[in-house]
$ cat data_0.txt   # compact mmCIF, C-alpha atoms and all ligand atoms
# COMPACT_ATOMS: atom_id res chain seq x y z
CA MET A 1 24.41 147.70 124.69
CA LEU A 2 21.23 149.75 124.20
CA THR A 3 17.76 148.30 123.71
CA PRO A 4 15.61 149.53 120.81
CA THR A 5 13.48 151.38 123.39
CA GLN A 6 16.52 153.19 124.76
CA ARG A 7 17.57 154.11 121.23
CA GLN A 8 14.10 155.57 120.61
CA GLN A 9 14.25 157.49 123.88
CA TYR A 10 17.61 158.96 122.94
CA ASP A 11 16.35 160.03 119.51
CA ARG A 12 13.21 161.56 121.03
CA ASP A 13 14.67 163.22 124.14
CA GLY A 14 18.31 163.82 123.20
CA PHE A 15 19.56 162.13 126.35
CA LEU A 16 19.56 158.81 128.16
CA VAL A 17 20.09 157.98 131.84
CA LEU A 18 21.95 154.72 132.48
CA PRO A 19 21.97 153.89 136.23
CA ALA A 20 24.78 151.83 137.76
CA PHE A 21 26.99 152.05 134.68
CA ARG A 22 30.12 152.03 136.88
CA GLY A 23 30.61 150.24 140.21
CA VAL A 24 31.49 151.69 143.60
CA ALA A 25 35.14 150.58 143.46
CA ALA A 26 35.79 152.34 140.15
CA LEU A 27 34.05 155.50 141.42
CA ALA A 28 36.03 155.52 144.66
CA GLU A 29 39.29 155.07 142.78
CA LEU A 30 38.51 157.98 140.48
CA ARG A 31 37.47 160.29 143.33
CA ALA A 32 40.64 159.47 145.25
CA ARG A 33 42.76 160.12 142.18
CA ALA A 34 41.06 163.48 141.61
CA GLU A 35 41.73 164.47 145.23
CA ALA A 36 45.37 163.45 144.88
CA LEU A 37 45.74 165.58 141.75
CA VAL A 38 44.37 168.59 143.63
CA GLN A 39 46.73 168.00 146.58
CA ALA A 40 49.68 167.87 144.19
CA PHE A 41 48.58 171.03 142.38
CA GLU A 42 50.47 174.21 143.26
CA PRO A 43 48.36 177.28 142.60
CA ASP A 44 50.07 180.26 141.08
CA ALA A 45 49.11 183.55 139.54
CA ALA A 46 48.65 181.97 136.11
CA SER A 47 45.97 179.56 137.34
CA GLY A 48 42.73 180.16 135.51
CA VAL A 49 39.53 180.83 137.36
CA PHE A 50 36.81 179.02 135.49
CA SER A 51 33.52 180.70 134.70
CA THR A 52 30.99 180.33 131.93
CA ARG A 53 29.18 183.50 133.03
CA ASN A 54 32.02 185.71 131.88
CA PRO A 55 33.56 184.43 128.63
CA ALA A 56 36.48 186.83 129.05
CA VAL A 57 37.55 184.98 132.18
CA THR A 58 37.80 181.69 130.32
CA ALA A 59 39.61 183.29 127.42
CA ASP A 60 43.01 182.86 128.95
CA ALA A 61 46.14 180.97 128.16
CA ALA A 62 45.46 178.45 130.92
CA LEU A 63 42.42 177.12 129.08
CA ILE A 64 44.20 176.75 125.74
CA ALA A 65 47.22 175.14 127.41
CA SER A 66 45.01 172.64 129.25
CA ALA A 67 43.89 170.98 125.99
CA ASP A 68 46.66 168.43 126.28
CA ALA A 69 47.30 168.62 130.04
CA VAL A 70 45.96 167.91 133.51
CA HIS A 71 45.24 171.34 134.98
CA CYS A 72 43.21 172.47 138.01
CA PHE A 73 40.86 175.46 137.61
CA PHE A 74 39.60 177.44 140.62
CA GLU A 75 36.08 178.46 141.58
CA GLU A 76 35.41 182.18 141.10
CA GLU A 77 34.11 182.47 144.65
CA ALA A 78 37.22 180.83 146.12
CA PHE A 79 39.02 184.18 146.27
CA ASP A 80 38.39 187.44 148.09
CA ALA A 81 38.70 190.87 146.48
CA ALA A 82 42.43 190.87 147.13
CA GLY A 83 42.87 187.56 145.33
CA ARG A 84 43.46 185.44 148.45
CA LEU A 85 41.99 181.95 148.76
CA VAL A 86 39.07 182.06 151.20
CA VAL A 87 38.52 178.28 151.37
CA PRO A 88 41.04 175.42 151.65
CA LYS A 89 42.59 174.38 148.36
CA ASP A 90 40.72 171.07 148.27
CA ARG A 91 37.44 173.00 148.42
CA ALA A 92 38.49 175.68 145.94
CA ILE A 93 38.88 173.74 142.68
CA ASN A 94 36.10 174.01 140.11
CA LYS A 95 37.41 171.39 137.72
CA ILE A 96 40.39 169.52 136.30
CA GLY A 97 40.86 169.39 132.54
CA HIS A 98 41.15 168.61 129.74
CA ALA A 99 43.26 165.55 128.88
CA LEU A 100 42.82 163.40 131.99
CA HIS A 101 41.61 160.52 129.82
CA ASP A 102 44.96 160.41 128.02
CA ARG A 103 47.44 161.85 130.50
CA ASP A 104 46.50 160.13 133.78
CA PRO A 105 46.57 156.31 134.02
CA VAL A 106 43.63 156.00 136.47
CA PHE A 107 41.41 158.27 134.37
CA GLU A 108 42.68 156.59 131.21
CA ARG A 109 41.37 153.22 132.44
CA PHE A 110 38.01 154.66 133.49
CA SER A 111 37.56 156.41 130.15
CA HIS A 112 38.08 153.44 127.86
CA GLY A 113 36.68 149.95 127.46
CA ALA A 114 34.40 147.69 125.48
CA ASP A 115 31.27 148.98 127.27
CA LEU A 116 31.91 152.60 126.28
CA ALA A 117 32.94 151.62 122.75
CA ALA A 118 29.68 149.67 122.28
CA LEU A 119 27.61 152.48 123.77
CA ALA A 120 29.23 155.08 121.51
CA ARG A 121 28.51 152.92 118.49
CA ASP A 122 24.86 152.52 119.55
CA LEU A 123 24.57 156.29 119.91
CA GLY A 124 25.65 156.72 116.29
CA LEU A 125 29.34 157.50 116.72
CA ALA A 126 30.76 155.18 114.05
CA GLU A 127 34.33 156.43 114.53
CA PRO A 128 34.41 158.06 117.97
CA GLN A 129 37.24 160.37 118.92
CA VAL A 130 37.45 161.30 122.59
CA ARG A 131 38.30 164.99 122.46
CA GLN A 132 38.19 166.05 126.08
CA SER A 133 37.71 165.03 129.69
CA MET A 134 36.73 167.09 132.73
CA LEU A 135 36.47 166.31 136.39
CA ILE A 136 33.89 168.73 137.80
CA PHE A 137 33.80 169.13 141.58
CA LYS A 138 30.75 171.34 142.18
CA GLN A 139 32.05 172.21 145.63
CA PRO A 140 29.77 172.53 148.67
CA ALA A 141 28.40 176.04 149.21
CA ILE A 142 30.49 177.74 146.48
CA GLY A 143 30.09 175.42 143.47
CA GLY A 144 29.22 177.77 140.62
CA GLU A 145 26.31 177.72 138.23
CA VAL A 146 26.83 176.49 134.68
CA ARG A 147 24.28 178.41 132.60
CA TRP A 148 22.21 177.06 129.71
CA HIS A 149 24.44 175.90 126.86
CA GLN A 150 24.90 173.24 124.21
CA ASP A 151 28.12 171.23 124.21
CA ALA A 152 28.30 171.48 120.39
CA THR A 153 29.22 175.14 121.01
CA PHE A 154 32.65 173.96 122.15
CA PHE A 155 33.17 171.10 119.64
CA VAL A 156 32.04 172.24 116.22
CA THR A 157 31.89 169.49 113.60
CA GLU A 158 29.96 169.34 110.31
CA PRO A 159 27.43 167.85 110.85
CA VAL A 160 27.08 168.08 114.65
CA SER A 161 28.46 164.90 116.17
CA VAL A 162 29.71 165.71 119.67
CA THR A 163 28.19 163.46 122.30
CA THR A 164 28.60 163.92 126.05
CA PHE A 165 29.22 161.11 128.54
CA TRP A 166 28.46 162.48 132.04
CA PHE A 167 29.31 160.19 134.95
CA ALA A 168 27.94 160.93 138.42
CA LEU A 169 30.84 160.12 140.76
CA GLU A 170 28.69 161.20 143.72
CA ASP A 171 24.94 161.45 144.16
CA ALA A 172 23.57 164.42 142.20
CA ALA A 173 20.41 165.96 143.65
CA LEU A 174 18.32 169.11 143.32
CA ASP A 175 20.15 170.85 146.15
CA ASN A 176 23.73 170.14 145.07
CA GLY A 177 23.59 171.08 141.40
CA CYS A 178 22.31 168.14 139.37
CA LEU A 179 21.93 168.43 135.59
CA TRP A 180 18.86 170.08 134.08
CA VAL A 181 17.97 169.41 130.45
CA GLU A 182 15.34 170.39 127.88
CA PRO A 183 13.92 167.07 126.63
CA GLY A 184 13.74 167.16 122.82
CA GLY A 185 15.71 170.42 122.70
CA HIS A 186 18.42 168.74 120.59
CA ARG A 187 16.16 169.26 117.58
CA GLY A 188 16.71 173.01 117.85
CA PRO A 189 19.53 175.04 116.29
CA LEU A 190 23.07 175.53 117.54
CA ARG A 191 22.91 178.95 119.21
CA GLU A 192 26.56 179.77 119.86
CA ARG A 193 30.03 178.79 118.74
CA PHE A 194 33.19 179.17 120.82
CA VAL A 195 35.96 180.12 118.41
CA ARG A 196 39.67 180.61 118.73
CA GLU A 197 41.30 183.53 116.92
CA GLY A 198 45.01 183.37 117.62
CA ASP A 199 45.31 183.39 121.40
CA ALA A 200 41.87 184.91 121.87
CA LEU A 201 38.67 182.97 122.45
CA ARG A 202 35.23 184.36 121.86
CA LEU A 203 31.63 183.25 121.87
CA GLN A 204 29.96 183.87 118.54
CA VAL A 205 26.16 184.03 118.35
CA LEU A 206 24.79 181.90 115.50
CA ASP A 207 21.08 181.81 116.29
CA ARG A 208 18.90 183.92 118.58
CA THR A 209 16.48 181.17 119.59
CA PRO A 210 15.92 181.84 123.30
CA TRP A 211 17.06 179.38 125.93
CA PRO A 212 14.27 177.25 127.38
CA GLY A 213 11.99 179.03 129.80
CA GLU A 214 11.05 177.89 133.26
CA GLY A 215 8.89 174.81 132.95
CA ALA A 216 10.76 173.45 129.93
CA ALA A 217 13.69 172.24 132.02
CA VAL A 218 13.70 168.83 133.67
CA PRO A 219 16.13 167.94 136.49
CA LEU A 220 18.11 164.70 136.31
CA PRO A 221 18.88 163.76 139.92
CA CYS A 222 20.81 160.49 139.95
CA ALA A 223 22.84 158.18 142.12
CA ALA A 224 26.60 157.83 141.99
CA GLY A 225 27.58 155.45 139.20
CA THR A 226 24.91 156.71 136.79
CA LEU A 227 26.00 157.63 133.27
CA VAL A 228 23.98 160.30 131.47
CA VAL A 229 24.66 160.49 127.74
CA PHE A 230 23.39 163.40 125.69
CA HIS A 231 23.36 164.90 122.22
CA GLY A 232 25.64 167.86 121.47
CA LEU A 233 22.65 170.11 120.69
CA LEU A 234 20.75 169.34 123.90
CA PRO A 235 20.36 172.51 125.99
CA HIS A 236 21.40 171.82 129.59
CA TYR A 237 22.61 173.60 132.72
CA SER A 238 23.39 172.96 136.35
CA ALA A 239 22.45 175.21 139.24
CA PRO A 240 24.95 176.39 141.86
CA ASN A 241 25.62 174.08 144.77
CA ARG A 242 24.52 175.83 147.95
CA SER A 243 24.32 172.57 149.93
CA ALA A 244 26.92 171.07 152.25
CA ARG A 245 27.50 168.12 149.88
CA ARG A 246 29.97 168.05 147.02
CA ARG A 247 28.69 166.85 143.62
CA MET A 248 31.59 165.37 141.70
CA ALA A 249 31.05 164.41 138.04
CA TYR A 250 33.32 163.30 135.22
CA THR A 251 32.61 164.05 131.59
CA LEU A 252 33.94 162.85 128.26
CA HIS A 253 33.16 164.52 124.96
CA ALA A 254 33.49 162.49 121.78
CA THR A 255 33.04 163.52 118.17
CA ASP A 256 32.76 161.35 115.07
CA ALA A 257 35.80 161.23 112.79
CA ARG A 258 33.47 161.20 109.78
CA ALA A 259 32.32 164.75 110.63
CA PRO A 260 35.15 167.23 110.02
CA TYR A 261 36.36 168.97 113.20
CA ALA A 262 36.54 172.76 112.85
CA PRO A 263 40.04 174.25 112.87
CA THR A 264 38.57 177.18 114.85
CA ASN A 265 37.66 174.97 117.83
CA TRP A 266 39.52 176.04 120.97
CA LEU A 267 40.67 172.51 121.68
CA GLN A 268 43.19 171.16 119.20
CA ARG A 269 45.26 168.10 120.00
CA GLU A 270 47.27 165.49 118.19
CA GLY A 271 46.70 161.76 118.61
CA VAL A 272 42.99 161.77 119.45
CA ARG A 273 41.65 158.22 119.84
CA GLY A 274 38.43 156.33 120.50
CA PHE A 275 37.03 154.41 123.48
CA ALA A 276 38.67 151.05 122.80
FE FE2 A 301 27.80 170.98 129.06

$ encode --input "data_0.txt" --output "structure tokens" --more "lines below"
Ligand code: FE2
Amino acid sequence: MLTPTQRQQYDRDGFLVLPAFRGVAALAELRARAEALVQAFEPDAASGVFSTRNPAVTADAALIASADAVHCFFEEEAFDAAGRLVVPKDRAINKIGHALHDRDPVFERFSHGADLAALARDLGLAEPQVRQSMLIFKQPAIGGEVRWHQDATFFVTEPVSVTTFWFALEDAALDNGCLWVEPGGHRGPLRERFVREGDALRLQVLDRTPWPGEGAAVPLPCAAGTLVVFHGLLPHYSAPNRSARRRMAYTLHATDARAPYAPTNWLQREGVRGFA
């Protein structure tokens, strides 16, 4: 699947951009399915608003319950001070998570196959276990920022093994919230760990190494169909979307069964399987 040069790039940079990994038909099918899931979703008071800026907001039962479900999370800015939706429902969803790859047949097909299995093996995942899936909308005008973080924060294994598969389902550009990464930053320490204590979730600081400064971040604008794969320790973020264009992406997070998965991780599920 990967050439020796691509392998070297991944080891050096901590990420790899693979254009045209999925074709237009598969992308269109996935986008349509995501829109149908939102249409079918009935918001209620228990629906979680998703934010990484305020950990307390994420620390709710909706997040824990979504580990094995297909659940829609709202944008923070979708509501006014009185809690009323200020944009139509189909523009108000931040993301759908976190078991699409197992619980929805269309997403299940997209998330498995010989190509992904071979890629995971080439990236060093000898026994991949797909832990989580997320459909991220990044809505026009209100799509929220996702601040600097490392995905290993949310999937602690010893040693670090989580690898992210980030599919652009629509063009991702500077003005609609494309990914930004710190090339080579995966050689730094894990800064934070998201731990579950009973029904409470909290972010625990492990290392005070500062997040990359301006100038250290590189944007990864890419066309729909591109797959970006990156190491669990790679610092990355995406800016808010203030443009008129949506930026839909789909992510899978896989760990290696050889690296024990922490019992304190927020996401615990039975029957985790690989890409085949
Ligand atoms: Fe991330």

$ residues_around --input "data_0.txt" --residues "A:Leu18" --least-positions-apart "2" --cutoff "8 Å" --atoms "only C-alpha atoms" --output "ChimeraX atom specification"
/A:16,20-21,226-229

$ write_last_selection --input "data_0.txt" --atoms "C-alpha atoms" --output "CSV table (one decimal), keeping the file's coordinate frame"
chain,number,residue,atom,x,y,z
A,16,LEU,CA,19.6,158.8,128.2
A,20,ALA,CA,24.8,151.8,137.8
A,21,PHE,CA,27.0,152.0,134.7
A,226,THR,CA,24.9,156.7,136.8
A,227,LEU,CA,26.0,157.6,133.3
A,228,VAL,CA,24.0,160.3,131.5
A,229,VAL,CA,24.7,160.5,127.7

$ residues_near_ligand --input "data_0.txt" --ligand "ligand FE2 301 (chain A)" --cutoff "12 Å" --atoms "all atoms listed in the file" --output "PyMOL selection string"
chain A and resi 52+132-134+136+145-155+162-166+179-181+228-238+249-253

$ closest_residue --input "data_0.txt" --among "A:Asp199, A:Glu170, A:Asp207, A:Asp13" --to "A:Gly184" --atoms "all atoms listed in the file"
A:Asp13

$ residues_near_point --input "data_0.txt" --point "(17.9, 159.6, 137.7)" --cutoff "9 Å" --atoms "only C-alpha atoms" --output "number ranges by chain"
A: 17-19, 172, 219-223, 226, 228

$ closest_residue --input "data_0.txt" --among "A:Ala34, A:Val195, A:Cys178, A:Ala257" --to "A:Val106" --atoms "all atoms listed in the file"
A:Ala34

$ residues_around --input "data_0.txt" --residues "A:Arg33" --least-positions-apart "5" --cutoff "9 Å" --atoms "all atoms listed in the file" --output "PyMOL selection string"
chain A and resi 28+38+106-107

$ closest_residue --input "data_0.txt" --among "A:Arg258, A:Phe110, A:Ala67, A:Lys89" --to "A:Ala40" --atoms "all atoms listed in the file"
A:Lys89

$ closest_residue --input "data_0.txt" --among "A:Glu75, A:Glu270, A:Glu192, A:Asp175" --to "A:Arg242" --atoms "all atoms listed in the file"
A:Asp175

$ closest_residue --input "data_0.txt" --among "A:Glu42, A:Glu197, A:Asp68, A:Asp256" --to "A:Gly274" --atoms "all atoms listed in the file"
A:Asp256

$ closest_residue --input "data_0.txt" --among "A:Ala216, A:Gly225, A:Asn241, A:Leu30" --to "A:Asp104" --atoms "only C-alpha atoms"
A:Leu30

$ residues_around --input "data_0.txt" --residues "A:Ile142" --least-positions-apart "5" --cutoff "9 Å" --atoms "all atoms listed in the file" --output "PDB file with C-alpha atoms, in the coordinates of the input"
ATOM      1  CA  GLU A  75      36.080 178.460 141.580  1.00  0.00           C
ATOM      2  CA  GLU A  76      35.410 182.180 141.100  1.00  0.00           C
ATOM      3  CA  GLU A  77      34.110 182.470 144.650  1.00  0.00           C
ATOM      4  CA  ALA A  78      37.220 180.830 146.120  1.00  0.00           C
ATOM      5  CA  ARG A  91      37.440 173.000 148.420  1.00  0.00           C
ATOM      6  CA  ALA A  92      38.490 175.680 145.940  1.00  0.00           C
ATOM      7  CA  PRO A 240      24.950 176.390 141.860  1.00  0.00           C
ATOM      8  CA  ASN A 241      25.620 174.080 144.770  1.00  0.00           C
ATOM      9  CA  ARG A 242      24.520 175.830 147.950  1.00  0.00           C
ATOM     10  CA  SER A 243      24.320 172.570 149.930  1.00  0.00           C
TER      11      SER A 243
END

$ residues_around --input "data_0.txt" --residues "A:His71" --least-positions-apart "2" --cutoff "8 Å" --atoms "only C-alpha atoms" --output "compact mmCIF listing (two decimals) with C-alpha atoms, keeping the file's coordinate frame"
# COMPACT_ATOMS: atom_id res chain seq x y z
CA SER A 66 45.01 172.64 129.25
CA ALA A 69 47.30 168.62 130.04
CA PHE A 73 40.86 175.46 137.61
CA ILE A 96 40.39 169.52 136.30
CA GLY A 97 40.86 169.39 132.54
CA HIS A 98 41.15 168.61 129.74

$ axis_aligned_box --input "data_0.txt" --around "stretch 108-119 of chain A" --padding-each-side "5 Å" --output "AutoDock Vina command-line options"
--center_x 35.1 --center_y 152.1 --center_z 127.9 --size_x 25.1 --size_y 18.9 --size_z 21.2

$ atom_distance --input "data_0.txt" --atom1 "atom CA of A:Val130" --atom2 "atom CA of A:Lys95"
18.2 Å

$ residues_around --input "data_0.txt" --residues "stretch 244-248 of chain A" --least-positions-apart "5" --cutoff "8 Å" --atoms "all atoms listed in the file" --output "short mmCIF file (atom, residue, chain, number, x, y, z; two decimals) with C-alpha atoms, in the coordinates of the input"
data_model
loop_
_atom_site.label_atom_id
_atom_site.label_comp_id
_atom_site.auth_asym_id
_atom_site.auth_seq_id
_atom_site.Cartn_x
_atom_site.Cartn_y
_atom_site.Cartn_z
CA ARG A 31 37.47 160.29 143.33
CA LEU A 135 36.47 166.31 136.39
CA ILE A 136 33.89 168.73 137.80
CA PHE A 137 33.80 169.13 141.58
CA LYS A 138 30.75 171.34 142.18
CA GLN A 139 32.05 172.21 145.63
CA PRO A 140 29.77 172.53 148.67
CA ALA A 141 28.40 176.04 149.21
CA ALA A 168 27.94 160.93 138.42
CA LEU A 169 30.84 160.12 140.76
CA GLU A 170 28.69 161.20 143.72
CA ASP A 171 24.94 161.45 144.16
CA ALA A 172 23.57 164.42 142.20
CA ASN A 176 23.73 170.14 145.07
CA GLY A 177 23.59 171.08 141.40
CA CYS A 178 22.31 168.14 139.37
#

$ atom_distance --input "data_0.txt" --atom1 "atom CA of A:Asp90" --atom2 "atom CA of A:Ala32"
12.0 Å
